[in-house]
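Accompanying notes for the structure given below.
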Amino acid sequence: MRQVSVAPGPLQVGEYVVRKYEMSDAQALVDAVTDSREHLEPWMPWIKFEPQSVVQREVLISTWSEAWDDRTEFVMGIFLGDRVVGGTGLHLRGDIKTVEIGYWLHVDYLGRGIASQVAGALTELAFATWLEIDTVEIHHSESNIASGKVPLRLGFKHVRTFRNQIPEASGENGVGYHWAMKREM
């Protein structure tokens, strides 16, 4: 199992805080996902397991915390005060020297540039924190136009188009885009 040298700390991104989920965030996470379920359903395969209870969220947060402590995956919330306005993460999957950024936003916070700000801050964090990482990637479905604007705005390069035999979420068309940014040497 891949791991990195250290776990990231909380990030202040404009008025938002990006940090590890704590057990006390379970209800706020339930509320955010429930409020946004219809918006997320076309793009997020995990939405098929919703709605989840607070207890189920606590189990999930515990799982994420174990991965965090093992330094193998970093699932985070995007917070405005105590409110979850989205989720993000740094995922160690794919090539050995690569980390992937994922993101989703609460339906009430769309169109504010939050995903771009957060993905930009996480890209900087990955390169500043982990010498073992030389590439940051963002993946999305071709049909998710809004998600595709994020890597484009940040200067990522489109490196691969691929076809899935079976789309993972209802809004996907079976074509995916991989974007990458390399560490400046």
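Residues in the structure tokens are named by chain (A, B, ... in the order shown) and by number from 1 within that chain; ligands are numbered from 1 in the order shown.
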
Against range 27-49 of chain A, which residues of range 61-86 of chain A fall within 8 Å? For each one I want the closest pair of atoms and the distance in Å (one decimal), counting only C-alpha atoms, rows by chain and increasing residue number, as a tab-separated table.
```
residue	atom	partner	partner_atom	distance
A:Asp82	CA	A:Ala28	CA	7.4
A:Arg83	CA	A:Ala28	CA	6.1
A:Val84	CA	A:Ala28	CA	5.8
A:Val85	CA	A:Ala32	CA	6.7
A:Gly86	CA	A:Ala32	CA	7.4
```

Could the residues in this selection be written to a file with C-alpha atoms, as a PDB file, in the first residue's frame?
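Contents of selection32.pdb, as written:
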```pdb
ATOM      1  CA  ASP A  82     -19.116  24.417  11.149  1.00  0.00           C
ATOM      2  CA  ARG A  83     -20.921  23.958   7.819  1.00  0.00           C
ATOM      3  CA  VAL A  84     -19.657  21.397   5.300  1.00  0.00           C
ATOM      4  CA  VAL A  85     -19.708  23.171   1.936  1.00  0.00           C
ATOM      5  CA  GLY A  86     -17.947  20.385   0.081  1.00  0.00           C
TER       6      GLY A  86
END
```

- [ ] Excluding Glu100 in chain A and any residue of its chain fewer than 2 positions from it, enumerate the residues within 6 Å of it, using only C-alpha atoms, and give them as a list in words.
- [x] Leu90, His91, Val136, Glu137 and Ile138 of chain A

Kindly save the residues from that selection, with all heavy atoms included, as a PDB file, in the first residue's frame.
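Written file, part-v1.pdb:
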```pdb
ATOM      1  N   LEU A  90      -6.878  14.078  -1.169  1.00  0.00           N
ATOM      2  CA  LEU A  90      -5.637  13.751  -1.849  1.00  0.00           C
ATOM      3  C   LEU A  90      -5.538  12.234  -1.799  1.00  0.00           C
ATOM      4  O   LEU A  90      -5.431  11.634  -0.722  1.00  0.00           O
ATOM      5  CB  LEU A  90      -4.444  14.397  -1.141  1.00  0.00           C
ATOM      6  CG  LEU A  90      -4.393  15.923  -1.249  1.00  0.00           C
ATOM      7  CD1 LEU A  90      -3.474  16.511  -0.190  1.00  0.00           C
ATOM      8  CD2 LEU A  90      -3.944  16.333  -2.637  1.00  0.00           C
ATOM      9  N   HIS A  91      -5.624  11.606  -2.975  1.00  0.00           N
ATOM     10  CA  HIS A  91      -5.734  10.159  -3.072  1.00  0.00           C
ATOM     11  C   HIS A  91      -4.479   9.576  -3.720  1.00  0.00           C
ATOM     12  O   HIS A  91      -4.101   9.981  -4.811  1.00  0.00           O
ATOM     13  CB  HIS A  91      -6.968   9.793  -3.903  1.00  0.00           C
ATOM     14  CG  HIS A  91      -8.206  10.476  -3.422  1.00  0.00           C
ATOM     15  ND1 HIS A  91      -8.855  10.122  -2.253  1.00  0.00           N
ATOM     16  CD2 HIS A  91      -8.902  11.515  -3.939  1.00  0.00           C
ATOM     17  CE1 HIS A  91      -9.906  10.899  -2.084  1.00  0.00           C
ATOM     18  NE2 HIS A  91      -9.960  11.761  -3.088  1.00  0.00           N
ATOM     19  N   VAL A 136       0.539  15.832  -9.831  1.00  0.00           N
ATOM     20  CA  VAL A 136      -0.805  15.927  -9.256  1.00  0.00           C
ATOM     21  C   VAL A 136      -1.783  15.765 -10.405  1.00  0.00           C
ATOM     22  O   VAL A 136      -1.616  16.393 -11.456  1.00  0.00           O
ATOM     23  CB  VAL A 136      -1.027  17.268  -8.530  1.00  0.00           C
ATOM     24  CG1 VAL A 136      -2.463  17.394  -8.034  1.00  0.00           C
ATOM     25  CG2 VAL A 136      -0.042  17.433  -7.374  1.00  0.00           C
ATOM     26  N   GLU A 137      -2.793  14.919 -10.214  1.00  0.00           N
ATOM     27  CA  GLU A 137      -3.784  14.668 -11.264  1.00  0.00           C
ATOM     28  C   GLU A 137      -5.187  15.021 -10.797  1.00  0.00           C
ATOM     29  O   GLU A 137      -5.491  14.965  -9.608  1.00  0.00           O
ATOM     30  CB  GLU A 137      -3.773  13.198 -11.691  1.00  0.00           C
ATOM     31  CG  GLU A 137      -2.514  12.785 -12.388  1.00  0.00           C
ATOM     32  CD  GLU A 137      -2.573  11.365 -12.934  1.00  0.00           C
ATOM     33  OE1 GLU A 137      -3.465  10.570 -12.537  1.00  0.00           O
ATOM     34  OE2 GLU A 137      -1.723  11.049 -13.782  1.00  0.00           O
ATOM     35  N   ILE A 138      -6.026  15.332 -11.769  1.00  0.00           N
ATOM     36  CA  ILE A 138      -7.465  15.497 -11.580  1.00  0.00           C
ATOM     37  C   ILE A 138      -8.134  14.692 -12.676  1.00  0.00           C
ATOM     38  O   ILE A 138      -7.756  14.798 -13.843  1.00  0.00           O
ATOM     39  CB  ILE A 138      -7.891  16.976 -11.648  1.00  0.00           C
ATOM     40  CG1 ILE A 138      -7.287  17.761 -10.480  1.00  0.00           C
ATOM     41  CG2 ILE A 138      -9.414  17.105 -11.674  1.00  0.00           C
ATOM     42  CD1 ILE A 138      -7.545  19.261 -10.516  1.00  0.00           C
TER      43      ILE A 138
END
```

Task: Counting only C-alpha atoms, the residue of A:Ser24, A:Gln165, A:Thr123, A:Gln52 that sits nearest Pro151 in chain A - done: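 Using only C-alpha atoms, the shortest distance to Pro151 in chain A belongs to A:Thr123.
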
Any chance you could list, as a compact mmCIF listing (two decimals) with N, CA, C and O atoms, in the first residue's frame, the residues in range 75-183 of chain A that come up strand (DSSP E or B) when DSSP is run on the backbone?
```
# COMPACT_ATOMS: atom_id res chain seq x y z
N VAL A 75 -8.87 12.21 3.08
CA VAL A 75 -10.21 12.69 2.74
C VAL A 75 -10.50 13.87 3.67
O VAL A 75 -10.34 13.77 4.89
N MET A 76 -10.93 15.00 3.08
CA MET A 76 -11.11 16.23 3.84
C MET A 76 -12.44 16.88 3.51
O MET A 76 -13.00 16.69 2.44
N GLY A 77 -12.89 17.69 4.45
CA GLY A 77 -14.06 18.51 4.22
C GLY A 77 -13.63 19.93 3.91
O GLY A 77 -12.54 20.37 4.27
N ILE A 78 -14.52 20.63 3.23
CA ILE A 78 -14.36 22.06 2.99
C ILE A 78 -15.40 22.72 3.89
O ILE A 78 -16.60 22.48 3.74
N PHE A 79 -14.94 23.54 4.82
CA PHE A 79 -15.81 24.08 5.86
C PHE A 79 -15.90 25.60 5.79
O PHE A 79 -14.90 26.28 5.53
N LEU A 80 -17.08 26.10 6.08
CA LEU A 80 -17.31 27.52 6.34
C LEU A 80 -17.90 27.54 7.74
O LEU A 80 -19.07 27.18 7.93
N ARG A 83 -20.15 24.49 8.94
CA ARG A 83 -20.92 23.96 7.82
C ARG A 83 -20.01 23.29 6.80
O ARG A 83 -18.99 23.86 6.38
N VAL A 84 -20.37 22.09 6.38
CA VAL A 84 -19.66 21.40 5.30
C VAL A 84 -20.19 21.97 3.99
O VAL A 84 -21.37 21.85 3.69
N VAL A 85 -19.31 22.60 3.23
CA VAL A 85 -19.71 23.17 1.94
C VAL A 85 -19.16 22.35 0.77
O VAL A 85 -19.38 22.68 -0.39
N GLY A 86 -18.46 21.27 1.11
CA GLY A 86 -17.95 20.39 0.08
C GLY A 86 -16.97 19.39 0.67
O GLY A 86 -16.71 19.39 1.88
N GLY A 87 -16.48 18.55 -0.20
CA GLY A 87 -15.50 17.56 0.20
C GLY A 87 -14.39 17.51 -0.82
O GLY A 87 -14.56 17.89 -1.98
N THR A 88 -13.24 17.06 -0.39
CA THR A 88 -12.09 16.96 -1.27
C THR A 88 -11.17 15.87 -0.74
O THR A 88 -11.47 15.23 0.26
N GLY A 89 -10.09 15.67 -1.40
CA GLY A 89 -9.14 14.69 -0.91
C GLY A 89 -7.91 14.62 -1.77
O GLY A 89 -7.90 15.05 -2.93
N LEU A 90 -6.88 14.08 -1.17
CA LEU A 90 -5.64 13.75 -1.85
C LEU A 90 -5.54 12.23 -1.80
O LEU A 90 -5.43 11.63 -0.72
N HIS A 91 -5.62 11.61 -2.97
CA HIS A 91 -5.73 10.16 -3.07
C HIS A 91 -4.48 9.58 -3.72
O HIS A 91 -4.10 9.98 -4.81
N THR A 98 2.47 9.91 -7.95
CA THR A 98 1.31 10.71 -8.32
C THR A 98 0.29 10.74 -7.19
O THR A 98 0.10 9.76 -6.49
N VAL A 99 -0.36 11.87 -7.02
CA VAL A 99 -1.49 12.01 -6.12
C VAL A 99 -2.65 12.60 -6.93
O VAL A 99 -2.44 13.42 -7.83
N GLU A 100 -3.86 12.13 -6.64
CA GLU A 100 -5.05 12.61 -7.35
C GLU A 100 -5.89 13.46 -6.40
O GLU A 100 -6.10 13.10 -5.24
N ILE A 101 -6.38 14.58 -6.92
CA ILE A 101 -7.29 15.44 -6.16
C ILE A 101 -8.72 15.17 -6.64
O ILE A 101 -8.98 15.14 -7.83
N GLY A 102 -9.60 14.98 -5.68
CA GLY A 102 -11.03 14.87 -5.98
C GLY A 102 -11.76 15.99 -5.26
O GLY A 102 -11.24 16.57 -4.30
N TYR A 103 -12.98 16.29 -5.69
CA TYR A 103 -13.75 17.36 -5.05
C TYR A 103 -15.22 17.24 -5.39
O TYR A 103 -15.59 16.70 -6.42
N TRP A 104 -16.04 17.74 -4.49
CA TRP A 104 -17.48 17.91 -4.71
C TRP A 104 -17.91 19.11 -3.87
O TRP A 104 -17.26 19.46 -2.89
N LEU A 105 -19.00 19.74 -4.28
CA LEU A 105 -19.49 20.91 -3.56
C LEU A 105 -20.96 20.78 -3.20
O LEU A 105 -21.74 20.18 -3.95
N THR A 135 3.77 14.48 -9.52
CA THR A 135 2.63 14.77 -10.39
C THR A 135 1.34 14.82 -9.57
O THR A 135 1.11 13.93 -8.74
N VAL A 136 0.54 15.83 -9.83
CA VAL A 136 -0.81 15.93 -9.26
C VAL A 136 -1.78 15.76 -10.41
O VAL A 136 -1.62 16.39 -11.46
N GLU A 137 -2.79 14.92 -10.21
CA GLU A 137 -3.78 14.67 -11.26
C GLU A 137 -5.19 15.02 -10.80
O GLU A 137 -5.49 14.97 -9.61
N ILE A 138 -6.03 15.33 -11.77
CA ILE A 138 -7.46 15.50 -11.58
C ILE A 138 -8.13 14.69 -12.68
O ILE A 138 -7.76 14.80 -13.84
N HIS A 139 -9.11 13.87 -12.30
CA HIS A 139 -9.86 13.04 -13.26
C HIS A 139 -11.33 13.43 -13.21
O HIS A 139 -11.85 13.75 -12.14
N HIS A 140 -11.99 13.40 -14.36
CA HIS A 140 -13.43 13.67 -14.39
C HIS A 140 -14.03 13.09 -15.65
O HIS A 140 -13.34 12.81 -16.63
N SER A 141 -15.33 12.94 -15.62
CA SER A 141 -16.06 12.50 -16.81
C SER A 141 -16.11 13.62 -17.83
O SER A 141 -16.26 14.80 -17.47
N LYS A 157 -2.46 20.16 -17.51
CA LYS A 157 -2.43 19.73 -18.92
C LYS A 157 -3.28 18.49 -19.09
O LYS A 157 -3.20 17.55 -18.29
N HIS A 158 -4.09 18.48 -20.15
CA HIS A 158 -4.87 17.28 -20.47
C HIS A 158 -3.88 16.24 -20.99
O HIS A 158 -3.21 16.45 -21.98
N VAL A 159 -3.79 15.08 -20.29
CA VAL A 159 -2.80 14.08 -20.65
C VAL A 159 -3.39 12.79 -21.20
O VAL A 159 -2.67 12.00 -21.81
N ARG A 160 -4.69 12.58 -20.97
CA ARG A 160 -5.25 11.32 -21.42
C ARG A 160 -6.77 11.39 -21.48
O ARG A 160 -7.41 11.95 -20.61
N THR A 161 -7.32 10.83 -22.54
CA THR A 161 -8.75 10.59 -22.66
C THR A 161 -8.93 9.09 -22.67
O THR A 161 -8.21 8.39 -23.37
N PHE A 162 -9.87 8.59 -21.88
CA PHE A 162 -10.07 7.14 -21.84
C PHE A 162 -11.55 6.82 -21.90
O PHE A 162 -12.39 7.64 -21.57
N ARG A 163 -11.85 5.64 -22.35
CA ARG A 163 -13.24 5.18 -22.44
C ARG A 163 -13.46 4.08 -21.42
O ARG A 163 -12.74 3.10 -21.39
N VAL A 175 -16.68 8.39 -21.14
CA VAL A 175 -15.41 8.97 -21.56
C VAL A 175 -14.87 9.80 -20.40
O VAL A 175 -15.60 10.63 -19.83
N GLY A 176 -13.63 9.56 -20.04
CA GLY A 176 -13.02 10.30 -18.93
C GLY A 176 -11.80 11.07 -19.38
O GLY A 176 -11.15 10.72 -20.36
N TYR A 177 -11.51 12.13 -18.64
CA TYR A 177 -10.33 12.96 -18.89
C TYR A 177 -9.41 12.89 -17.69
O TYR A 177 -9.86 12.96 -16.54
N HIS A 178 -8.12 12.76 -17.97
CA HIS A 178 -7.09 12.85 -16.94
C HIS A 178 -6.28 14.11 -17.22
O HIS A 178 -5.83 14.32 -18.35
N TRP A 179 -6.11 14.91 -16.20
CA TRP A 179 -5.31 16.14 -16.26
C TRP A 179 -4.14 15.98 -15.29
O TRP A 179 -4.28 15.31 -14.27
N ALA A 180 -3.01 16.59 -15.59
CA ALA A 180 -1.85 16.48 -14.72
C ALA A 180 -1.08 17.79 -14.65
O ALA A 180 -1.05 18.56 -15.61
N MET A 181 -0.48 18.00 -13.49
CA MET A 181 0.47 19.08 -13.31
C MET A 181 1.73 18.44 -12.72
O MET A 181 1.65 17.68 -11.76
N LYS A 182 2.86 18.76 -13.33
CA LYS A 182 4.15 18.22 -12.88
C LYS A 182 4.82 19.23 -11.95
O LYS A 182 4.66 20.44 -12.10
```

- [ ] Would you please extract all helix (DSSP H, G or I) residues from range 20-182 of chain A, as assigned by DSSP on the backbone, and give them as a ChimeraX atom specification?
- [x] /A:23-40,45-49,54-70,107-109,114-129,145-154

Task: Non-local contacts of Gln117 in chain A (10 Å; only C-alpha atoms; under 6 positions in same chain excluded) as a PyMOL selection string - done: chain A and resi 13-14+16+123+150+153-154

Task: Which residue of A:Ala26, A:Gly120, A:Pro167, A:Glu132 approaches Ser53 in chain A most closely, using only C-alpha atoms - done: A:Ala26

Open item on the list: Counting only C-alpha atoms, which residue out of A:Leu60, A:Ala7, A:Val107, A:Phe74 sits closest to Arg93 in chain A?
Closed with: A:Phe74

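The interatomic distance for the pair CA of Lys20 in chain A and CA of Glu172 in chain A works out to 28.4 Å.
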
TODO: Grab the CA of Ser62 in chain A to CA of Thr129 in chain A distance for me, in Å with one decimal place.
DONE: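 Computing it gives 24.1 Å between the two atoms.
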
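Among the candidates A:Gly9, A:Gly81, A:Gly113, A:Gly171, the one nearest to Asp25 in chain A when counting only C-alpha atoms is A:Gly81.
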
Open item on the list: From the options A:Leu11, A:Ile114, A:Val4, A:Glu22, which residue's atoms come nearest to Thr72 in chain A, counting only C-alpha atoms?
Closed with: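 That would be A:Val4, the residue with the smallest distance to Thr72 in chain A.
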
TODO: Report the distance between CA of Ile145 in chain A and CA of Asp108 in chain A in Å, rounded to one decimal place.
DONE: 18.1 Å

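Compared by their closest atoms to Arg183 in chain A, and using only C-alpha atoms, the residues A:Lys97, A:Ser143, A:Leu152, A:Ile61 rank with A:Lys97 nearest.
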